[in-house]
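Undergrad: One file: coords09.csv (CSV, C-alpha atoms).
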```
chain,number,residue,atom,x,y,z
A,287,MET,CA,135.8,151.1,131.7
A,288,SER,CA,137.9,152.5,134.4
A,289,GLN,CA,138.8,151.0,137.7
A,290,SER,CA,137.0,153.9,139.4
A,291,ARG,CA,133.5,152.4,139.0
A,292,LEU,CA,134.6,149.1,140.6
A,293,ASP,CA,136.2,151.2,143.4
A,294,LYS,CA,132.9,153.0,143.8
A,295,LEU,CA,131.2,149.6,144.3
A,296,ASN,CA,133.9,148.6,146.8
A,297,ALA,CA,133.3,151.8,148.8
A,298,SER,CA,129.6,151.2,148.8
A,299,LEU,CA,130.1,147.6,150.1
A,300,GLN,CA,132.3,148.9,153.0
A,301,THR,CA,129.4,150.7,154.6
A,302,SER,CA,127.0,147.8,154.1
A,303,ASP,CA,126.5,144.5,155.9
A,304,LEU,CA,127.3,142.5,152.8
A,305,ASP,CA,130.4,140.6,152.0
A,306,ALA,CA,129.9,140.6,148.2
A,307,VAL,CA,127.4,141.1,145.4
A,308,ILE,CA,126.6,139.1,142.4
A,309,LEU,CA,125.5,140.5,139.0
A,310,ASN,CA,124.1,138.8,135.9
A,311,PRO,CA,123.9,140.4,132.4
A,312,GLY,CA,122.2,143.8,132.6
A,313,PRO,CA,122.9,147.6,132.9
A,314,THR,CA,124.7,147.4,136.3
A,315,LEU,CA,127.1,144.7,135.1
A,316,THR,CA,127.9,146.7,131.9
A,317,TYR,CA,128.2,149.9,133.9
A,318,LEU,CA,130.8,148.4,136.2
A,319,THR,CA,132.8,146.2,133.7
A,320,GLY,CA,132.3,147.7,130.3
A,321,MET,CA,131.4,144.2,129.0
A,322,HIS,CA,128.1,143.4,127.3
A,323,PHE,CA,126.4,140.0,127.7
A,324,HIS,CA,123.0,138.9,126.7
A,325,LEU,CA,120.6,137.0,129.0
A,326,MET,CA,120.6,133.5,127.6
A,327,GLU,CA,120.4,129.9,128.5
A,328,ARG,CA,124.1,129.9,129.6
A,329,PRO,CA,124.7,131.8,132.9
A,330,VAL,CA,127.1,134.7,133.2
A,331,VAL,CA,127.7,135.9,136.8
A,332,LEU,CA,130.1,138.5,138.2
A,333,PHE,CA,131.1,138.0,141.8
A,334,PHE,CA,132.4,141.2,143.5
A,335,ALA,CA,133.7,140.8,147.1
A,336,LYS,CA,135.0,143.5,149.4
A,337,ASN,CA,138.6,144.4,148.8
A,338,GLN,CA,139.1,141.7,146.2
A,339,ASP,CA,139.5,141.7,142.4
A,340,PRO,CA,136.2,140.7,140.7
A,341,VAL,CA,135.6,137.1,139.5
A,342,LEU,CA,133.5,136.3,136.5
A,343,VAL,CA,131.9,132.9,135.6
A,344,LEU,CA,131.0,132.6,131.9
A,345,PRO,CA,130.8,130.2,129.0
A,346,GLU,CA,134.0,129.5,127.1
A,347,LEU,CA,132.5,131.0,123.9
A,348,GLU,CA,132.4,134.4,125.7
A,349,LEU,CA,136.1,134.3,126.9
A,350,GLN,CA,137.3,136.8,124.2
A,351,LYS,CA,135.3,139.6,125.9
A,352,THR,CA,137.6,139.4,128.9
A,353,THR,CA,140.9,140.1,127.1
A,354,SER,CA,142.6,143.6,127.4
A,355,LEU,CA,140.5,144.8,130.2
A,356,PRO,CA,141.8,147.9,132.2
A,357,TYR,CA,141.4,146.2,135.5
A,358,LYS,CA,142.2,142.8,137.1
A,359,LEU,CA,139.6,140.1,136.6
A,360,GLN,CA,139.7,136.4,137.6
A,361,VAL,CA,137.8,134.2,135.1
A,362,PHE,CA,136.2,130.8,135.5
A,363,SER,CA,134.8,129.4,132.2
A,364,TYR,CA,132.8,126.3,131.5
A,365,PRO,CA,132.2,124.2,128.4
A,366,GLU,CA,128.8,123.5,126.7
A,367,ASN,CA,128.0,120.5,128.9
A,368,PRO,CA,125.6,121.8,131.6
A,369,SER,CA,126.7,119.1,134.1
A,370,GLU,CA,130.0,121.0,134.4
A,371,TRP,CA,128.6,124.5,135.0
A,372,ASP,CA,128.2,124.2,138.8
A,373,ASN,CA,131.9,123.3,139.1
A,374,ALA,CA,132.9,126.7,137.7
A,375,PHE,CA,130.6,128.4,140.2
A,376,ARG,CA,132.1,126.4,143.1
A,377,LYS,CA,135.6,127.5,142.0
A,378,ALA,CA,134.5,131.2,141.9
A,379,VAL,CA,133.0,131.0,145.4
A,380,GLN,CA,136.2,129.2,146.7
A,381,ALA,CA,138.5,131.8,145.1
A,382,LEU,CA,136.7,134.6,147.1
A,383,GLY,CA,135.9,132.5,150.2
A,384,LEU,CA,132.2,133.4,150.0
A,385,ASP,CA,130.4,130.2,151.2
A,386,GLY,CA,128.6,131.0,154.4
A,387,LYS,CA,128.9,134.8,153.8
A,388,ARG,CA,126.3,137.5,152.9
A,389,ILE,CA,126.1,137.7,149.1
A,390,GLY,CA,123.8,140.5,147.9
A,391,VAL,CA,121.6,140.2,144.8
A,392,GLU,CA,119.9,142.6,142.4
A,393,PRO,CA,116.3,141.5,142.8
A,394,ARG,CA,114.9,143.1,139.6
A,395,GLN,CA,117.6,141.5,137.5
A,396,LEU,CA,118.8,138.2,138.9
A,397,ARG,CA,117.1,135.2,137.4
A,398,LEU,CA,116.2,132.0,139.3
A,399,MET,CA,118.4,130.0,136.9
A,400,ASP,CA,121.5,132.1,137.6
A,401,PHE,CA,120.8,132.1,141.3
A,402,GLY,CA,120.5,128.3,141.3
A,403,HIS,CA,124.1,127.9,140.0
A,404,VAL,CA,125.4,130.5,142.5
A,405,LYS,CA,123.6,128.7,145.3
A,406,ALA,CA,125.1,125.3,144.2
A,407,GLY,CA,128.5,126.9,144.6
A,408,ALA,CA,127.7,128.6,147.9
A,409,PRO,CA,124.9,126.6,149.6
A,410,GLU,CA,125.6,128.0,153.1
A,411,ALA,CA,125.5,131.7,152.1
A,412,ASP,CA,122.8,134.2,152.7
A,413,TYR,CA,121.4,136.2,149.7
A,414,PRO,CA,119.9,139.5,150.9
A,415,ASP,CA,118.7,142.3,148.7
A,416,ALA,CA,121.6,144.5,147.5
A,417,GLY,CA,119.4,147.2,146.2
A,418,ASN,CA,120.8,149.9,148.6
A,419,VAL,CA,124.4,149.1,147.7
A,420,LEU,CA,123.8,149.0,144.0
A,421,SER,CA,121.1,151.7,143.4
A,422,GLY,CA,123.5,154.6,144.2
A,423,LEU,CA,126.1,153.5,141.7
A,424,ARG,CA,124.3,154.8,138.5
A,425,LEU,CA,122.1,157.4,140.2
A,426,LYS,CA,124.3,160.4,139.5
A,427,LYS,CA,125.6,160.7,135.9
A,428,ASP,CA,129.0,162.2,135.2
A,429,GLN,CA,129.6,164.7,132.3
A,430,THR,CA,130.5,161.9,129.8
A,431,GLU,CA,127.3,160.1,130.6
A,432,ILE,CA,125.3,163.3,130.2
A,433,GLU,CA,126.8,164.1,126.8
A,434,ILE,CA,126.0,160.5,125.6
A,435,MET,CA,122.4,161.0,126.8
A,436,ARG,CA,122.2,164.4,125.0
A,437,LYS,CA,123.2,162.6,121.8
A,438,ALA,CA,120.5,159.9,122.4
A,439,VAL,CA,118.0,162.8,122.7
A,440,LYS,CA,119.2,164.4,119.5
A,441,ILE,CA,118.9,161.1,117.6
A,442,ALA,CA,115.3,160.7,118.9
A,443,GLN,CA,114.3,164.2,118.0
A,444,SER,CA,115.8,164.1,114.5
A,445,ALA,CA,114.1,160.7,113.9
A,446,LEU,CA,110.7,162.1,114.8
A,447,GLU,CA,111.1,165.2,112.7
A,448,ALA,CA,112.0,162.9,109.8
A,449,THR,CA,108.9,160.8,110.4
A,450,ILE,CA,106.3,163.7,110.8
A,451,PRO,CA,106.0,164.4,107.0
A,452,SER,CA,104.9,160.8,106.4
A,453,ILE,CA,101.9,161.0,108.9
A,454,ARG,CA,98.6,160.8,107.0
A,455,ILE,CA,94.9,160.4,108.0
A,456,GLY,CA,94.1,156.7,107.3
A,457,MET,CA,97.6,155.5,108.3
A,458,THR,CA,97.6,152.9,111.1
A,459,GLU,CA,99.4,153.3,114.4
A,460,LYS,CA,101.5,150.3,113.5
A,461,GLU,CA,102.5,151.8,110.1
A,462,LEU,CA,103.6,155.0,111.8
A,463,SER,CA,105.4,153.2,114.6
A,464,SER,CA,107.3,151.1,111.9
A,465,GLU,CA,108.4,154.3,110.1
A,466,LEU,CA,109.6,155.9,113.3
A,467,VAL,CA,111.7,152.8,114.1
A,468,VAL,CA,113.3,153.0,110.7
A,469,GLN,CA,114.1,156.6,111.2
A,470,LEU,CA,115.5,156.0,114.7
A,471,LEU,CA,118.0,153.5,113.2
A,472,LYS,CA,118.8,155.8,110.2
A,473,HIS,CA,119.6,158.6,112.6
A,474,GLY,CA,122.0,156.6,114.7
A,475,SER,CA,120.1,154.7,117.4
A,476,GLU,CA,121.5,151.4,118.4
A,477,PRO,CA,119.2,148.5,117.2
A,478,GLU,CA,118.2,147.7,120.7
A,479,LEU,CA,115.7,150.6,121.4
A,480,PRO,CA,115.0,151.5,125.0
A,481,PHE,CA,111.4,150.4,124.4
A,482,SER,CA,109.0,150.0,121.4
A,483,PRO,CA,107.5,153.4,120.4
A,484,ILE,CA,104.1,154.1,121.7
A,485,VAL,CA,102.0,155.5,118.9
A,486,SER,CA,98.4,156.0,119.9
A,487,GLY,CA,95.6,158.0,118.3
A,488,GLY,CA,92.1,159.1,119.5
A,489,PRO,CA,90.7,156.7,122.2
A,490,ASN,CA,93.9,154.8,122.3
A,491,SER,CA,95.8,157.9,123.3
A,492,ALA,CA,93.9,157.9,126.6
A,493,ASN,CA,95.9,154.7,127.6
A,494,PRO,CA,99.3,155.9,128.8
A,495,HIS,CA,101.0,152.6,127.9
A,496,ALA,CA,99.1,151.8,124.7
A,497,SER,CA,100.7,149.5,122.1
A,498,PRO,CA,100.3,150.5,118.4
A,499,THR,CA,97.3,148.8,116.8
A,500,GLU,CA,95.7,148.6,113.3
A,501,ARG,CA,93.5,151.6,114.1
A,502,LYS,CA,93.7,154.2,111.5
A,503,LEU,CA,94.4,157.9,112.3
A,504,GLN,CA,91.3,160.0,112.0
A,505,ALA,CA,90.7,163.8,111.8
A,506,GLY,CA,90.0,165.0,115.3
A,507,ASP,CA,92.4,162.6,117.0
A,508,LEU,CA,95.0,163.6,119.4
A,509,LEU,CA,98.1,161.5,118.5
A,510,VAL,CA,100.5,160.6,121.3
A,511,ILE,CA,104.0,159.5,120.3
A,512,ASP,CA,106.3,158.3,123.1
A,513,TRP,CA,109.6,157.2,121.8
A,514,GLY,CA,113.4,157.1,122.5
A,515,ALA,CA,116.8,156.2,121.1
A,516,THR,CA,119.7,154.3,122.5
A,517,TYR,CA,123.3,155.6,122.0
A,518,ASP,CA,126.4,154.0,123.5
A,519,GLY,CA,124.3,152.2,126.0
A,520,TYR,CA,122.3,155.2,127.2
A,521,ILE,CA,118.7,156.1,126.4
A,522,SER,CA,116.3,158.9,125.7
A,523,ASP,CA,112.6,158.9,126.4
A,524,LEU,CA,110.4,161.6,125.0
A,525,THR,CA,106.7,162.2,124.3
A,526,ARG,CA,104.9,164.8,122.1
A,527,THR,CA,101.2,165.0,121.3
A,528,PHE,CA,99.9,166.1,117.9
A,529,ALA,CA,96.6,167.1,116.4
A,530,VAL,CA,95.4,165.0,113.5
A,531,GLY,CA,93.7,167.7,111.4
A,532,GLU,CA,91.2,169.9,113.3
A,533,VAL,CA,90.6,168.9,116.9
A,534,ASP,CA,87.9,170.1,119.4
A,535,ASP,CA,88.6,173.2,121.6
A,536,GLU,CA,88.6,171.0,124.7
A,537,TYR,CA,91.5,169.0,123.4
A,538,GLN,CA,93.4,172.1,122.5
A,539,LYS,CA,92.8,173.4,126.0
A,540,MET,CA,94.0,170.0,127.5
A,541,HIS,CA,97.2,170.3,125.5
A,542,LYS,CA,97.9,173.8,126.8
A,543,ILE,CA,97.3,172.6,130.4
A,544,VAL,CA,99.8,169.7,130.0
A,545,GLN,CA,102.3,172.1,128.3
A,546,GLU,CA,102.0,174.4,131.4
A,547,ALA,CA,102.3,171.4,133.8
A,548,ASN,CA,105.4,170.2,131.9
A,549,ALA,CA,107.0,173.6,132.2
A,550,ALA,CA,106.1,173.8,135.9
A,551,GLY,CA,107.8,170.4,136.5
A,552,ARG,CA,110.9,171.4,134.7
A,553,ALA,CA,111.0,174.6,136.7
A,554,ALA,CA,110.7,172.7,140.0
A,555,ALA,CA,113.7,170.5,139.1
A,556,LYS,CA,116.7,171.8,141.0
A,557,PRO,CA,119.3,170.6,143.5
A,558,GLY,CA,117.9,170.3,147.0
A,559,ALA,CA,114.3,170.0,145.8
A,560,ARG,CA,112.5,166.7,146.6
A,561,CYS,CA,111.4,164.3,143.9
A,562,ALA,CA,107.9,164.9,145.3
A,563,ASP,CA,108.2,168.7,144.5
A,564,VAL,CA,108.5,168.0,140.8
A,565,ASP,CA,105.4,165.8,140.9
A,566,ILE,CA,103.4,168.3,143.0
A,567,ALA,CA,104.4,171.1,140.6
A,568,THR,CA,102.9,169.4,137.5
A,569,ARG,CA,99.9,168.0,139.4
A,570,ASP,CA,98.9,171.4,140.8
A,571,VAL,CA,98.6,172.9,137.3
A,572,ILE,CA,96.4,170.0,136.1
A,573,GLU,CA,94.3,169.9,139.3
A,574,LYS,CA,93.7,173.7,139.2
A,575,ALA,CA,92.5,173.3,135.6
A,576,GLY,CA,89.9,170.7,136.8
A,577,TYR,CA,91.6,167.6,135.2
A,578,GLY,CA,93.3,166.2,138.3
A,579,LYS,CA,91.5,162.9,138.3
A,580,TYR,CA,92.6,162.4,134.7
A,581,PHE,CA,96.3,162.5,135.5
A,582,ARG,CA,96.8,158.9,136.7
A,583,HIS,CA,100.6,158.3,136.9
A,584,ARG,CA,103.7,159.7,138.5
A,585,THR,CA,105.3,162.7,136.8
A,586,GLY,CA,108.5,161.0,135.9
A,587,HIS,CA,111.2,158.3,136.4
A,588,GLY,CA,115.0,158.2,136.2
A,589,ILE,CA,116.7,157.5,133.0
A,590,GLY,CA,120.2,156.4,132.0
A,591,MET,CA,121.2,152.9,130.9
A,592,GLU,CA,117.6,151.9,131.5
A,593,ALA,CA,114.3,153.5,130.5
A,594,HIS,CA,113.1,153.3,134.1
A,595,GLU,CA,115.5,153.6,137.0
A,596,GLU,CA,115.9,155.8,140.1
A,597,PRO,CA,115.0,158.5,141.0
A,598,TYR,CA,111.2,158.5,140.7
A,599,MET,CA,109.1,161.7,140.5
A,600,ARG,CA,106.3,160.6,142.8
A,601,GLY,CA,104.3,162.8,145.3
A,602,ASP,CA,105.5,160.6,148.2
A,603,ASN,CA,109.2,160.5,147.3
A,604,GLU,CA,111.2,162.6,149.8
A,605,GLN,CA,114.5,161.8,148.1
A,606,LEU,CA,116.4,165.0,147.4
A,607,LEU,CA,117.6,165.9,143.9
A,608,GLU,CA,121.4,166.1,143.4
A,609,PRO,CA,123.6,167.2,140.5
A,610,GLY,CA,123.9,164.4,137.9
A,611,MET,CA,120.4,162.9,138.6
A,612,ALA,CA,118.6,162.4,135.2
A,613,PHE,CA,114.9,161.8,134.8
A,614,THR,CA,111.7,162.5,132.8
A,615,VAL,CA,109.1,165.1,133.3
A,616,GLU,CA,105.9,163.7,131.7
A,617,PRO,CA,102.5,165.0,132.9
A,618,GLY,CA,99.4,163.9,131.1
A,619,ILE,CA,95.6,164.1,130.9
A,620,TYR,CA,93.7,161.0,129.7
A,621,LEU,CA,89.9,161.1,128.9
A,622,ALA,CA,88.9,157.4,128.6
A,623,GLY,CA,87.3,156.6,125.3
A,624,LYS,CA,88.1,160.0,123.9
A,625,ASN,CA,91.7,161.4,123.7
A,626,GLY,CA,94.8,161.8,125.8
A,627,VAL,CA,97.8,164.2,126.0
A,628,ARG,CA,101.3,163.7,127.3
A,629,ILE,CA,104.4,165.9,126.9
A,630,GLU,CA,107.7,164.4,128.1
A,631,ASP,CA,111.2,165.9,128.4
A,632,ASN,CA,114.5,164.6,129.7
A,633,VAL,CA,116.2,166.6,132.5
A,634,VAL,CA,119.5,166.5,134.3
A,635,ILE,CA,120.0,168.2,137.6
A,636,THR,CA,123.0,170.7,137.6
A,637,GLU,CA,124.8,172.6,140.4
A,638,THR,CA,122.4,175.5,139.9
A,639,GLY,CA,119.2,174.1,138.4
A,640,ALA,CA,118.4,171.7,135.6
A,641,ASP,CA,119.7,171.0,132.1
A,642,VAL,CA,116.8,170.1,129.8
A,643,LEU,CA,118.3,167.8,127.2
A,644,SER,CA,115.3,167.9,124.9
A,645,ASP,CA,114.1,170.9,123.0
A,646,LEU,CA,111.6,169.7,120.4
A,647,PRO,CA,108.7,172.1,120.1
A,648,ARG,CA,106.1,171.4,122.8
A,649,GLU,CA,103.2,173.4,121.2
A,650,MET,CA,100.5,171.4,119.5
A,651,ARG,CA,101.4,170.7,115.9
A,652,VAL,CA,98.9,169.7,113.3
A,653,VAL,CA,99.7,166.6,111.2
A,654,GLY,CA,98.0,164.5,108.6
```
How does this structure look as structure tokens?

TA:
Amino acid sequence: MSQSRLDKLNASLQTSDLDAVILNPGPTLTYLTGMHFHLMERPVVLFFAKNQDPVLVLPELELQKTTSLPYKLQVFSYPENPSEWDNAFRKAVQALGLDGKRIGVEPRQLRLMDFGHVKAGAPEADYPDAGNVLSGLRLKKDQTEIEIMRKAVKIAQSALEATIPSIRIGMTEKELSSELVVQLLKHGSEPELPFSPIVSGGPNSANPHASPTERKLQAGDLLVIDWGATYDGYISDLTRTFAVGEVDDEYQKMHKIVQEANAAGRAAAKPGARCADVDIATRDVIEKAGYGKYFRHRTGHGIGMEAHEEPYMRGDNEQLLEPGMAFTVEPGIYLAGKNGVRIEDNVVITETGADVLSDLPREMRVVG
């Protein structure tokens, strides 16, 4: 990991009212440092103060991860005895002179346990939300990140294509989900998938965030598969909807409408457009077709090191799209108790428009 990302954080801190930020294991810590840590019972916290080298508190067993880094890092390690952990945090705070200062936190990531140890080291500090300082760091992907994400999309698409021949009427959603996970791993995904695949047929497909069940696929079902791969720390997140055998005309019509909405959303994605414009473009197609009330979620969300990050494609989001922003376009129609459709692609804003990373056929395909 280059010094440039830490420099980017330092520049962001300069224009804020914060003296420092703290980060525990998660995408932002990995993005900045290149180091991977799991959330566990032993705390790991990075302290980053304005114009100072970063300081890391970690257990002795993780020390090897800090060797041969391409930037300066001060390390305070602690042994297995929990009574000695707060002392390492005190030393870290003293090294940066942070007690009584404003130390920003990442509210969606920092655990109460980690915070307790930091607070023991800096009891007089304030701990405001550092969301504004941190959110911009990963918002615009560089070319290297985009190519990694393109690979994550390719892995996901190849894995689904390898899974499709195994789909049979009478197969359970769980069986299909398991086969897809095996294919994702075979095709090169990291074991830690961005999320467990959503495999939902018939009435279950009308629940956007359904979990696979023991329900068997039946002729006449629509089959929604929402899946993704992880490659080199970055993710893909795709959805396609299939017909299990012959399906009613209405469901074929619904699929065509969602296909058109997806195309409209992708077409609306360009630099200078609002996030809201992408949402409005997909929603207009579905509303004009008379299914507006059956599209019950935003059009998309940012992707990168996380399956859900900024920016968000919502009708009220005035944020302007800029080159490097990556997100999903995933309109849907969901008829409760009957069937649902969703078609999702991954998009990156370019200087002139949008690069659609996914190219798996969007037409309704018959399986089973």

Undergrad: Quick one: residues within 7 Å of range 544-556 of chain A, all atoms listed in the file counted, chain neighbours fewer than 5 positions away excluded, as a list in words?

TA: Asp563, Val564, Asp565, Ala567, Thr568, Arg569, Val571, Ile572, Leu607, Val615, Glu616, Pro617, Gly618, Arg628, Ile629, Ile635, Thr638, Gly639, Ala640 and Arg648 of chain A

Undergrad: Once you have the residues from the selection above, write them out as a PDB file, in the frame of the given file, restricted to C-alpha atoms.

TA:
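Result file part12.pdb:
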```pdb
ATOM      1  CA  ASP A 563     108.200 168.700 144.500  1.00  0.00           C
ATOM      2  CA  VAL A 564     108.500 168.000 140.800  1.00  0.00           C
ATOM      3  CA  ASP A 565     105.400 165.800 140.900  1.00  0.00           C
ATOM      4  CA  ALA A 567     104.400 171.100 140.600  1.00  0.00           C
ATOM      5  CA  THR A 568     102.900 169.400 137.500  1.00  0.00           C
ATOM      6  CA  ARG A 569      99.900 168.000 139.400  1.00  0.00           C
ATOM      7  CA  VAL A 571      98.600 172.900 137.300  1.00  0.00           C
ATOM      8  CA  ILE A 572      96.400 170.000 136.100  1.00  0.00           C
ATOM      9  CA  LEU A 607     117.600 165.900 143.900  1.00  0.00           C
ATOM     10  CA  VAL A 615     109.100 165.100 133.300  1.00  0.00           C
ATOM     11  CA  GLU A 616     105.900 163.700 131.700  1.00  0.00           C
ATOM     12  CA  PRO A 617     102.500 165.000 132.900  1.00  0.00           C
ATOM     13  CA  GLY A 618      99.400 163.900 131.100  1.00  0.00           C
ATOM     14  CA  ARG A 628     101.300 163.700 127.300  1.00  0.00           C
ATOM     15  CA  ILE A 629     104.400 165.900 126.900  1.00  0.00           C
ATOM     16  CA  ILE A 635     120.000 168.200 137.600  1.00  0.00           C
ATOM     17  CA  THR A 638     122.400 175.500 139.900  1.00  0.00           C
ATOM     18  CA  GLY A 639     119.200 174.100 138.400  1.00  0.00           C
ATOM     19  CA  ALA A 640     118.400 171.700 135.600  1.00  0.00           C
ATOM     20  CA  ARG A 648     106.100 171.400 122.800  1.00  0.00           C
TER      21      ARG A 648
END
```

Undergrad: Considering all atoms listed in the file, return as an MDAnalysis selection string whatever protein or nucleic-acid residues lie within 12 Å of Gly386 in chain A, sequence-local ones (same chain, fewer than 6 positions apart) excluded.

TA: chainID A and resid 304:306 379:380 405 407:413

Undergrad: Quick check, in Å to one decimal: how far apart do CA of Pro609 in chain A and CA of Lys426 in chain A lie?

TA: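 CA of Lys426 in chain A lies at a distance of 6.9 Å from CA of Pro609 in chain A.
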
Undergrad: What's the separation between CA of Asp534 in chain A and CA of Tyr577 in chain A, in Å to one decimal place?

TA: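 If I compute the distance from CA of Asp534 in chain A to CA of Tyr577 in chain A, I get 16.4 Å.
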
Undergrad: Tell me which protein, DNA and RNA residues are within 10 Å of Gln443 in chain A, counting only C-alpha atoms, leaving out same-chain ones fewer than 2 positions away, and put them as a PyMOL selection string.

TA: chain A and resi 437-441+445-449+470+473+513-515+522+524+644-647

Undergrad: What does the file look like for those residues with C-alpha atoms, as a PDB file, keeping the file's coordinate frame?

TA:
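What follows is the written file selection_0.pdb:
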```
ATOM      1  CA  LYS A 437     123.200 162.600 121.800  1.00  0.00           C
ATOM      2  CA  ALA A 438     120.500 159.900 122.400  1.00  0.00           C
ATOM      3  CA  VAL A 439     118.000 162.800 122.700  1.00  0.00           C
ATOM      4  CA  LYS A 440     119.200 164.400 119.500  1.00  0.00           C
ATOM      5  CA  ILE A 441     118.900 161.100 117.600  1.00  0.00           C
ATOM      6  CA  ALA A 445     114.100 160.700 113.900  1.00  0.00           C
ATOM      7  CA  LEU A 446     110.700 162.100 114.800  1.00  0.00           C
ATOM      8  CA  GLU A 447     111.100 165.200 112.700  1.00  0.00           C
ATOM      9  CA  ALA A 448     112.000 162.900 109.800  1.00  0.00           C
ATOM     10  CA  THR A 449     108.900 160.800 110.400  1.00  0.00           C
ATOM     11  CA  LEU A 470     115.500 156.000 114.700  1.00  0.00           C
ATOM     12  CA  HIS A 473     119.600 158.600 112.600  1.00  0.00           C
ATOM     13  CA  TRP A 513     109.600 157.200 121.800  1.00  0.00           C
ATOM     14  CA  GLY A 514     113.400 157.100 122.500  1.00  0.00           C
ATOM     15  CA  ALA A 515     116.800 156.200 121.100  1.00  0.00           C
ATOM     16  CA  SER A 522     116.300 158.900 125.700  1.00  0.00           C
ATOM     17  CA  LEU A 524     110.400 161.600 125.000  1.00  0.00           C
ATOM     18  CA  SER A 644     115.300 167.900 124.900  1.00  0.00           C
ATOM     19  CA  ASP A 645     114.100 170.900 123.000  1.00  0.00           C
ATOM     20  CA  LEU A 646     111.600 169.700 120.400  1.00  0.00           C
ATOM     21  CA  PRO A 647     108.700 172.100 120.100  1.00  0.00           C
TER      22      PRO A 647
END
```

Undergrad: Residues within 12 Å of Glu459 in chain A, please, as a VMD selection string. Count only C-alpha atoms; anything in the same chain fewer than 5 positions from it doesn't count.

TA: chain A and resid 453 to 454 464 to 466 483 to 488 490 to 491 496 to 504 507 509 to 511

Undergrad: Identify which of the residues A:Met611, A:Leu318, A:Val307, A:Ala442 lies closest to Glu595 in chain A, counting all atoms listed in the file when measuring atom-to-atom distances.

TA: A:Met611

Undergrad: Rounded to one decimal place, report the CA of Val361 in chain A-CA of Leu349 in chain A distance in Å.

TA: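 A separation of 8.4 Å between them.
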
Undergrad: Find the smallest box with edges along x, y and z containing every listed atom of range 428-432 of chain A, then add 5 Å on each side and report centre and edge lengths in Å to one decimal, as JSON.

TA:
```
{"center_x": 127.9, "center_y": 162.4, "center_z": 132.5, "size_x": 15.2, "size_y": 14.6, "size_z": 15.4}
```

Undergrad: For range 330-334 of chain A, please output as JSON, numbers by chain all residues within 8 Å (counting all atoms listed in the file; exclusion window: fewer than 4 positions along the same chain).

TA: {"A": [306, 307, 308, 309, 310, 311, 315, 323, 338, 339, 340, 341, 342, 343, 344, 345, 378, 400]}

Undergrad: I need the residue nearest Ile619 in chain A from this list: A:His541, A:Arg600, A:Lys472, A:Arg397. Use all atoms listed in the file for the distance.

TA: A:His541

Undergrad: Compare A:Val642, A:Leu299, A:Leu420, A:Met457 by their minimum atom-to-atom distance to Gln395 in chain A, counting all atoms listed in the file, and give me the closest one.

TA: A:Leu420

Undergrad: May I ask which of the residues A:Arg394, A:Lys579, A:Lys542, A:Arg560 is the closest one to Leu606 in chain A, counting only C-alpha atoms?

TA: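 Between A:Arg394, A:Lys579, A:Lys542, A:Arg560, the residue approaching Leu606 in chain A most closely is A:Arg560.
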
Undergrad: So, with only C-alpha atoms as the atoms that count, which of A:Val533, A:Leu425, A:Gly578, A:Tyr598 lies closest to Ala562 in chain A?

TA: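 Once distances to Ala562 in chain A are computed over only C-alpha atoms, the minimum belongs to A:Tyr598.
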
Undergrad: Would you kindly place N, CA and C atoms on range 378-388 of chain A and return the model as a PDB file, in the coordinates of the input?

TA:
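rebuild-v4.pdb written:
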```
ATOM      1  N   ALA A 378     134.638 129.699 141.663  1.00  0.00           N
ATOM      2  CA  ALA A 378     134.500 131.200 141.900  1.00  0.00           C
ATOM      3  C   ALA A 378     134.293 131.488 143.326  1.00  0.00           C
ATOM      4  N   VAL A 379     133.373 130.749 143.943  1.00  0.00           N
ATOM      5  CA  VAL A 379     133.000 131.000 145.400  1.00  0.00           C
ATOM      6  C   VAL A 379     134.272 130.694 146.229  1.00  0.00           C
ATOM      7  N   GLN A 380     134.974 129.604 145.941  1.00  0.00           N
ATOM      8  CA  GLN A 380     136.200 129.200 146.700  1.00  0.00           C
ATOM      9  C   GLN A 380     137.268 130.298 146.573  1.00  0.00           C
ATOM     10  N   ALA A 381     137.420 130.813 145.356  1.00  0.00           N
ATOM     11  CA  ALA A 381     138.500 131.800 145.100  1.00  0.00           C
ATOM     12  C   ALA A 381     138.266 133.060 145.966  1.00  0.00           C
ATOM     13  N   LEU A 382     137.018 133.374 146.276  1.00  0.00           N
ATOM     14  CA  LEU A 382     136.700 134.600 147.100  1.00  0.00           C
ATOM     15  C   LEU A 382     136.351 134.240 148.528  1.00  0.00           C
ATOM     16  N   GLY A 383     136.282 132.942 148.847  1.00  0.00           N
ATOM     17  CA  GLY A 383     135.900 132.500 150.200  1.00  0.00           C
ATOM     18  C   GLY A 383     134.549 132.990 150.633  1.00  0.00           C
ATOM     19  N   LEU A 384     133.564 132.779 149.774  1.00  0.00           N
ATOM     20  CA  LEU A 384     132.200 133.400 150.000  1.00  0.00           C
ATOM     21  C   LEU A 384     131.203 132.419 150.612  1.00  0.00           C
ATOM     22  N   ASP A 385     131.461 131.121 150.654  1.00  0.00           N
ATOM     23  CA  ASP A 385     130.400 130.200 151.200  1.00  0.00           C
ATOM     24  C   ASP A 385     130.195 130.571 152.676  1.00  0.00           C
ATOM     25  N   GLY A 386     128.922 130.668 153.076  1.00  0.00           N
ATOM     26  CA  GLY A 386     128.600 131.000 154.400  1.00  0.00           C
ATOM     27  C   GLY A 386     128.573 132.536 154.676  1.00  0.00           C
ATOM     28  N   LYS A 387     128.870 133.318 153.658  1.00  0.00           N
ATOM     29  CA  LYS A 387     128.900 134.800 153.800  1.00  0.00           C
ATOM     30  C   LYS A 387     127.584 135.400 153.287  1.00  0.00           C
ATOM     31  N   ARG A 388     127.515 136.733 153.346  1.00  0.00           N
ATOM     32  CA  ARG A 388     126.300 137.500 152.900  1.00  0.00           C
ATOM     33  C   ARG A 388     126.586 137.986 151.458  1.00  0.00           C
TER      34      ARG A 388
END
```
